[in-house]
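So the structure is just underneath, and the comments pick up after that.
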Amino acid sequence: MKYLADVTTIEYNADKCTGCGRCIEVCPHGVFDMNGKKAFITDKDLCMECGACANNCEFEAISVDYGVGCAAAVINSMISGGEPACGCSGDDGGSSSGACC
Amino acid sequence: MDINRDKNTESGGSCCPPPQPAGMPLKFVSSSLSRPLVSDLREKYDCVTGSVESLAGAVPRVSTAWSSSDRLGAFRSRIGAYRMRYTIPPGLYAVGEPTKGSDVFVTANYKLSFDHLRRALKGINGWILVLDTKSINVWCAAGKGTFGTEELISRIESTKLDKIVEHRRIIVPQLGAVGVNAATVKKRTRFRVEFGPVRADDISGFVENNYKATTEMRKIRFGMRDRVVLTPMEINPAMKKFPQFALIVLLIFGIQPSGILFQDALWGGLPFILLGLLAVFTGAFLTPALLPYVPFRSFAVKGWIVGIFAVYLLVDHLHYIPTMDSYLKAVAYIFFPMMSSYIALQFTGSTTYTGMSGVKKELKLGVPVYIVAATVSFIVTIFHKLVVWGVI
Ligand code: SF4
Ligand code: SF4
């Protein structure tokens with residue numbers, strides 16, 4: 001299953017890539033693959049913007065505007081002006097909004 | 001190791017347990033300083049069966065089998081029945097007869113994450129390192145950063161893991177990679193992080209495969225079963241708001257120039273309450289269950305399609321609701337597919353593949369449409385009332 005086309009913010013810079021393979025190890029959607037000594041993006045639209053790859057690429061070859069893809073969290077952030085986050089640590093216990101949060 | 005399960009099957013996506021009511025025993029929760037005694041643990045958790053001696057003291061040993069209370073707990077967390085946190089104290093545990101050379105598996109202190117891991121470790125001698133994620137599963141906790149680099153480092157230090165094992169390798173669930181920076185952990189603790197498979201069930205395969213996850217083990221799945229078990233957590237919040245909706249409907253239909261008529265409220269309002277229930281069903285259950293089979297990628301559009309189909313079936317095909325004039329029919333077609341669409345959009349919080357940018361885009365386009373649809377529905381309903389009253 002793929003989500004909306006052409007919306008993901010994932011960016012990959014081949015010049016910085018050393019081919020260590022971490023991104024392939026951590027991505028839960030197989031967005032990266034190895035092409036000889038460099039990683040490459042197979043299909044951008046598969047990316048869910050979780051940020052695992054960018055967090056673990058030591059060479060800063062990947063950037064992504066990561067966050068939760070959750071309508072309730074995004075609505076809350078629109079209202080409060082903050083970053084979308086699982087609103088579950090608060091006192092309302094997340095019972096009011098979506099399942100994850 | 002079990003995020004897919006964590007996020008889907010296990011937790012019903014409820015990364016967010018309701019707050020702990022005052023007066024609940026907090027003894028074992030977030031005990032980063034004091035380590036609970038094995039005897040206390042045995043009393044409280046039937047999965048703790050004894051202890052294993054290590055160079056850093058006694059480590060509680062847990063069974064890899066699930067008891068009936070574990071199964072009940074799994075079921076209750078799925079339907080969101082917990083009023084308290086479903087938790088296991090953070091720290092180190094043993095399965096089987098682990099030695100200095102045994103593997104260390106990391107998980108969250110959400111009891112269901114822990115239970116799935118220990119069940120998957122059947123036949124393996126190993127250590128389980130439980131991080132304090134405030135009883136939230138690996139996936140959601142990693143997103144929040146509680147399942148993160150700092151917590152992992154401090155837990156490695158506080159459990160004296162370097163004394164307990166002589167190798168320097170820890171296995172972290174792959175979906176924990178959102179919160180754990182492997183390079184920093186290596187630098188500060190000398191432990192090398194291996195990201196394990198997404199699902200706990202693949203752990204033995206992963207170990208046998210020389211600590212390499214196959215492409216299949218790396219991928220999140222989101223099958224029909226995964227989706228359906230998440231739906232109670234969609235239906236519950238929607239139904240919580242339903243009484244308000246029903247009350248407003250009854251009021252609108254009940255109000256007459258002569259006051260509020262109970263008969264009119266009931267007979268006028270019932271079809272709309274029924275359609276409301278239908279919209280909750282299509283948005284919170286049917287759309288998620290049939291997700292890949294409903295056309296278009298947008299959740300709002302998917303929910304709308306299933307919703308309008310259901311409204312058509314009820315209103316025009318089965319002629320279930322004979323008392324509707326054309327104004328009310330228009331309202332039924334405008335309002336309820338939109339309601340279904342909005343509820344379906346909430347399911348993005350439970351999926352394993354929707355990104356933030358996409359959700360933002362849907363909302364940016366969708367919210368104005370929702371507002372217009374609700375306003376138009378309201379105006380047409382008022383118009384209908386005026387016609388019925390003979391004002392127009
Ligand atoms: S993690 Fe970074 S450096 Fe390593 S292969 Fe991926 S992009 Fe290249
Ligand atoms: S952000 Fe997540 S889903 Fe997207 S490429 Fe990176 S690891 Fe994969």
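Residues are referred to by chain and number: the chain letter is A, B, ... according to the order shown in the structure tokens, the number counts from 1 in that chain, and ligands are numbered separately from 1 in the order shown.
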Practice problem: Considering only C-alpha atoms, return as a list of chain:residue names whatever protein or nucleic-acid residues lie within 6 Å of stretch 30-42 of chain A, sequence-local ones (same chain, fewer than 3 positions apart) excluded. | Solution: A:Gly19, A:Ile24, A:Cys27
Self-check item: Contacts to ligand 2 at 6 Å cut-off (only C-alpha atoms and all ligand atoms) as JSON, numbers by chain
Solution: {"A": [26, 27, 28, 29, 31, 47, 48, 49, 50, 51, 52, 53]}
Quiz item: Mind pulling up the distance from atom CA of B:Met239 to atom CA of B:Ser377?
Solution: 21.1 Å
Quiz item: Out of chain A, which residues get strand (DSSP E or B) from DSSP, as a PyMOL selection string?
Solution: chain A and resi 11-12+32-35+38-41+62-63
Go ahead and dump the residues you just picked, all heavy atoms, as an mmCIF file, in the first residue's frame.
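result.cif, written as the output of this step:
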```
data_model
loop_
_atom_site.group_PDB
_atom_site.id
_atom_site.type_symbol
_atom_site.label_atom_id
_atom_site.label_comp_id
_atom_site.auth_asym_id
_atom_site.auth_seq_id
_atom_site.Cartn_x
_atom_site.Cartn_y
_atom_site.Cartn_z
ATOM 1 N N GLU A 11 15.033 13.363 1.444
ATOM 2 C CA GLU A 11 16.060 13.828 0.504
ATOM 3 C C GLU A 11 17.322 13.007 0.731
ATOM 4 O O GLU A 11 17.713 12.774 1.873
ATOM 5 C CB GLU A 11 16.416 15.304 0.782
ATOM 6 C CG GLU A 11 15.280 16.274 0.584
ATOM 7 C CD GLU A 11 15.012 16.583 -0.879
ATOM 8 O OE1 GLU A 11 15.834 16.165 -1.726
ATOM 9 O OE2 GLU A 11 13.996 17.236 -1.150
ATOM 10 N N TYR A 12 17.939 12.630 -0.347
ATOM 11 C CA TYR A 12 19.155 11.818 -0.230
ATOM 12 C C TYR A 12 20.266 12.463 -1.052
ATOM 13 O O TYR A 12 20.050 12.895 -2.179
ATOM 14 C CB TYR A 12 18.853 10.400 -0.734
ATOM 15 C CG TYR A 12 20.075 9.585 -1.066
ATOM 16 C CD1 TYR A 12 20.889 9.089 -0.051
ATOM 17 C CD2 TYR A 12 20.413 9.314 -2.388
ATOM 18 C CE1 TYR A 12 22.016 8.348 -0.360
ATOM 19 C CE2 TYR A 12 21.530 8.563 -2.698
ATOM 20 C CZ TYR A 12 22.329 8.090 -1.684
ATOM 21 O OH TYR A 12 23.442 7.357 -1.980
ATOM 22 N N PHE A 32 15.231 2.338 0.662
ATOM 23 C CA PHE A 32 16.612 2.379 0.169
ATOM 24 C C PHE A 32 17.082 1.005 -0.300
ATOM 25 O O PHE A 32 16.646 -0.025 0.212
ATOM 26 C CB PHE A 32 17.557 2.865 1.270
ATOM 27 C CG PHE A 32 17.427 4.327 1.549
ATOM 28 C CD1 PHE A 32 16.602 4.767 2.579
ATOM 29 C CD2 PHE A 32 18.106 5.255 0.776
ATOM 30 C CE1 PHE A 32 16.466 6.121 2.834
ATOM 31 C CE2 PHE A 32 17.977 6.613 1.031
ATOM 32 C CZ PHE A 32 17.149 7.050 2.060
ATOM 33 N N ASP A 33 17.998 1.047 -1.254
ATOM 34 C CA ASP A 33 18.668 -0.173 -1.666
ATOM 35 C C ASP A 33 20.103 0.200 -2.029
ATOM 36 O O ASP A 33 20.423 1.387 -2.126
ATOM 37 C CB ASP A 33 17.934 -0.808 -2.863
ATOM 38 C CG ASP A 33 18.215 -2.312 -2.936
ATOM 39 O OD1 ASP A 33 19.149 -2.773 -2.254
ATOM 40 O OD2 ASP A 33 17.508 -3.002 -3.687
ATOM 41 N N MET A 34 20.954 -0.800 -2.216
ATOM 42 C CA MET A 34 22.362 -0.513 -2.480
ATOM 43 C C MET A 34 22.662 -0.738 -3.951
ATOM 44 O O MET A 34 22.220 -1.712 -4.548
ATOM 45 C CB MET A 34 23.213 -1.450 -1.621
ATOM 46 C CG MET A 34 24.600 -0.960 -1.383
ATOM 47 S SD MET A 34 24.649 0.700 -0.685
ATOM 48 C CE MET A 34 24.752 0.274 1.022
ATOM 49 N N ASN A 35 23.419 0.208 -4.502
ATOM 50 C CA ASN A 35 23.788 0.131 -5.904
ATOM 51 C C ASN A 35 25.307 0.211 -5.927
ATOM 52 O O ASN A 35 25.869 1.293 -5.917
ATOM 53 C CB ASN A 35 23.132 1.307 -6.641
ATOM 54 C CG ASN A 35 23.447 1.311 -8.112
ATOM 55 O OD1 ASN A 35 24.138 0.430 -8.605
ATOM 56 N ND2 ASN A 35 22.943 2.317 -8.805
ATOM 57 N N LYS A 38 27.006 2.801 -3.259
ATOM 58 C CA LYS A 38 26.128 3.884 -2.787
ATOM 59 C C LYS A 38 24.706 3.363 -2.583
ATOM 60 O O LYS A 38 24.261 2.449 -3.275
ATOM 61 C CB LYS A 38 26.063 5.008 -3.836
ATOM 62 C CG LYS A 38 27.396 5.649 -4.147
ATOM 63 C CD LYS A 38 27.494 6.996 -3.469
ATOM 64 C CE LYS A 38 28.817 7.670 -3.892
ATOM 65 N NZ LYS A 38 29.344 8.523 -2.840
ATOM 66 N N ALA A 39 24.027 4.030 -1.658
ATOM 67 C CA ALA A 39 22.609 3.723 -1.490
ATOM 68 C C ALA A 39 21.829 4.496 -2.542
ATOM 69 O O ALA A 39 22.321 5.470 -3.113
ATOM 70 C CB ALA A 39 22.150 4.121 -0.095
ATOM 71 N N PHE A 40 20.632 4.061 -2.845
ATOM 72 C CA PHE A 40 19.753 4.843 -3.711
ATOM 73 C C PHE A 40 18.304 4.648 -3.279
ATOM 74 O O PHE A 40 17.977 3.670 -2.595
ATOM 75 C CB PHE A 40 19.947 4.487 -5.193
ATOM 76 C CG PHE A 40 19.395 3.139 -5.573
ATOM 77 C CD1 PHE A 40 18.153 3.010 -6.177
ATOM 78 C CD2 PHE A 40 20.139 1.986 -5.325
ATOM 79 C CE1 PHE A 40 17.638 1.755 -6.524
ATOM 80 C CE2 PHE A 40 19.646 0.734 -5.662
ATOM 81 C CZ PHE A 40 18.403 0.615 -6.269
ATOM 82 N N ILE A 41 17.473 5.602 -3.645
ATOM 83 C CA ILE A 41 16.062 5.532 -3.271
ATOM 84 C C ILE A 41 15.292 4.736 -4.322
ATOM 85 O O ILE A 41 15.363 5.041 -5.506
ATOM 86 C CB ILE A 41 15.462 6.947 -3.123
ATOM 87 C CG1 ILE A 41 16.082 7.640 -1.905
ATOM 88 C CG2 ILE A 41 13.940 6.883 -2.983
ATOM 89 C CD1 ILE A 41 15.518 9.011 -1.602
ATOM 90 N N ILE A 62 21.151 11.862 4.485
ATOM 91 C CA ILE A 62 19.689 11.792 4.364
ATOM 92 C C ILE A 62 19.047 12.872 5.218
ATOM 93 O O ILE A 62 19.491 13.122 6.341
ATOM 94 C CB ILE A 62 19.163 10.417 4.845
ATOM 95 C CG1 ILE A 62 19.840 9.280 4.086
ATOM 96 C CG2 ILE A 62 17.649 10.333 4.679
ATOM 97 C CD1 ILE A 62 19.503 7.907 4.613
ATOM 98 N N SER A 63 18.036 13.521 4.677
ATOM 99 C CA SER A 63 17.255 14.409 5.525
ATOM 100 C C SER A 63 15.785 14.146 5.257
ATOM 101 O O SER A 63 15.391 13.793 4.146
ATOM 102 C CB SER A 63 17.596 15.872 5.241
ATOM 103 O OG SER A 63 16.995 16.260 4.035
#
```
Using only C-alpha atoms and all ligand atoms, find each residue in chain B having at least one atom no more than 12 Å away from ligand 1; report its shortest atom-to-atom pair and that distance in Å (one decimal), rows by chain then rising number, as a tab-separated table.
```
residue	atom	partner	partner_atom_place_in_ligand_line	distance
B:Ala177	CA	ligand 1	1 (S)	11.9
B:Asn181	CA	ligand 1	1 (S)	11.4
B:Ala182	CA	ligand 1	1 (S)	11.0
B:Ala183	CA	ligand 1	1 (S)	10.9
```
Can you write out the residues you just picked, keeping N, CA and C atoms, as a short mmCIF file (atom, residue, chain, number, x, y, z; two decimals), in the first residue's frame?
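So the final result, stored in selection.cif, reads:
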```cif
data_model
loop_
_atom_site.label_atom_id
_atom_site.label_comp_id
_atom_site.auth_asym_id
_atom_site.auth_seq_id
_atom_site.Cartn_x
_atom_site.Cartn_y
_atom_site.Cartn_z
N ALA B 177 14.65 2.19 15.71
CA ALA B 177 15.69 2.98 15.07
C ALA B 177 15.29 4.45 14.92
N ASN B 181 20.01 6.14 18.09
CA ASN B 181 21.11 6.42 17.18
C ASN B 181 22.24 5.46 17.50
N ALA B 182 22.44 4.50 16.62
CA ALA B 182 23.38 3.41 16.89
C ALA B 182 24.80 3.92 17.08
N ALA B 183 25.19 4.92 16.33
CA ALA B 183 26.57 5.42 16.41
C ALA B 183 26.85 6.03 17.79
#
```
Practice problem: Please identify all polymer residues within 8 Å of B:Ala142, counting only C-alpha atoms, omitting same-chain residues fewer than 6 positions from it, and present them as a ChimeraX atom specification. | Solution: /B:148,175-180
Based on the selection just made, write all heavy atoms of those residues as a compact mmCIF listing (two decimals), in the first residue's frame.
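Saved to part-v4.txt:
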```txt
# COMPACT_ATOMS: atom_id res chain seq x y z
N GLY B 148 14.82 5.59 23.35
CA GLY B 148 15.79 6.41 22.63
C GLY B 148 17.22 6.17 23.09
O GLY B 148 17.49 5.38 24.00
N LEU B 175 12.14 -1.07 14.55
CA LEU B 175 11.35 0.15 14.59
C LEU B 175 11.78 1.08 15.71
O LEU B 175 11.34 2.22 15.80
CB LEU B 175 9.86 -0.17 14.65
CG LEU B 175 9.33 -0.88 13.41
CD1 LEU B 175 7.83 -0.98 13.44
CD2 LEU B 175 9.77 -0.22 12.12
N GLY B 176 12.68 0.60 16.59
CA GLY B 176 13.27 1.47 17.59
C GLY B 176 14.30 2.42 16.99
O GLY B 176 14.75 3.35 17.64
N ALA B 177 14.65 2.19 15.71
CA ALA B 177 15.69 2.98 15.07
C ALA B 177 15.29 4.45 14.92
O ALA B 177 16.13 5.32 14.75
CB ALA B 177 16.02 2.40 13.69
N VAL B 178 13.99 4.71 15.00
CA VAL B 178 13.53 6.09 14.94
C VAL B 178 14.08 6.87 16.15
O VAL B 178 14.39 8.05 16.05
CB VAL B 178 11.98 6.13 14.94
CG1 VAL B 178 11.46 7.53 15.03
CG2 VAL B 178 11.44 5.43 13.71
N GLY B 179 14.19 6.18 17.28
CA GLY B 179 14.65 6.86 18.49
C GLY B 179 16.09 6.57 18.86
O GLY B 179 16.71 7.33 19.60
N VAL B 180 16.64 5.47 18.38
CA VAL B 180 17.98 5.07 18.80
C VAL B 180 19.00 5.38 17.72
O VAL B 180 18.87 4.94 16.58
CB VAL B 180 18.01 3.56 19.13
CG1 VAL B 180 19.44 3.09 19.37
CG2 VAL B 180 17.13 3.26 20.33
```
Quiz item: atom CA of B:Val193 to atom CA of B:Ile153: how many Å, to one decimal?
Solution: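 A separation of 11.2 Å between them.
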Quiz item: Near B:Asp132, within 12 Å and counting only C-alpha atoms, which residues show up once chain neighbours fewer than 4 positions away are dropped, as a VMD selection string?
Solution: chain B and resid 28 to 33 87 to 92 106 to 111 114 136 to 138 141 to 142 145 to 156
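For chain A, the set of residues given helix (DSSP H, G or I) by DSSP on the backbone reads Arg22, Cys23, Ile24, Glu25, Val26, Lys44, Asp45, Leu46, Ala52, Cys53, Ala54, Asn55, Asn56, Ala71, Ala72, Ala73, Val74, Ile75, Asn76, Ser77, Met78, Ile79 and Ser80 of chain A.
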Practice problem: Write out as an MDAnalysis selection string the residues lying within 10 Å of A:Leu4, counting only C-alpha atoms and excluding same-chain residues fewer than 4 positions away. | Solution: (chainID A and resid 8 45:46) or (chainID B and resid 296:299 354:355 357:359 361:362)
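The spacing separating atom CA of B:Gly254 from atom CA of B:Leu270 amounts to 11.0 Å.
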Self-check item: Residue neighbourhood stretch 67-84 of chain A, 10 Å, only C-alpha atoms, exclusion window fewer than 5 positions, as a PyMOL selection string
Solution: (chain A and resi 48-51+94+96-101) or (chain B and resi 140+143-144+342-360+362-364+367)
Exercise. Compile the contact shell of A:Lys16 as a list in words: residues with an atom at most 7 Å away, counting only C-alpha atoms, same-chain residues fewer than 4 positions apart removed.
Key: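 Once the adjacent positions are removed, what remains is Phe59, Glu60 and Ala61 of chain A.
Among the candidates B:Glu194, B:Asp226, B:Glu43, B:Glu234, the residue lying nearest to chain A is B:Glu234 (atoms considered: only C-alpha atoms).
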Practice problem: Between B:Leu277, B:Val315, B:Ile235, B:Val301, single out the one closest to B:Ile79, counting only C-alpha atoms. | Solution: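 Nearest candidate to B:Ile79 out of B:Leu277, B:Val315, B:Ile235, B:Val301: B:Ile235.
Counting only C-alpha atoms, the residue from B:Tyr327, B:Phe281, B:Tyr333, B:Phe195 that sits nearest to chain A is B:Phe195.
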Quiz item: From the list B:Ile124, B:Val62, B:Ala74, B:Val198, which residue is nearest chain A when using only C-alpha atoms?
Solution: B:Val198
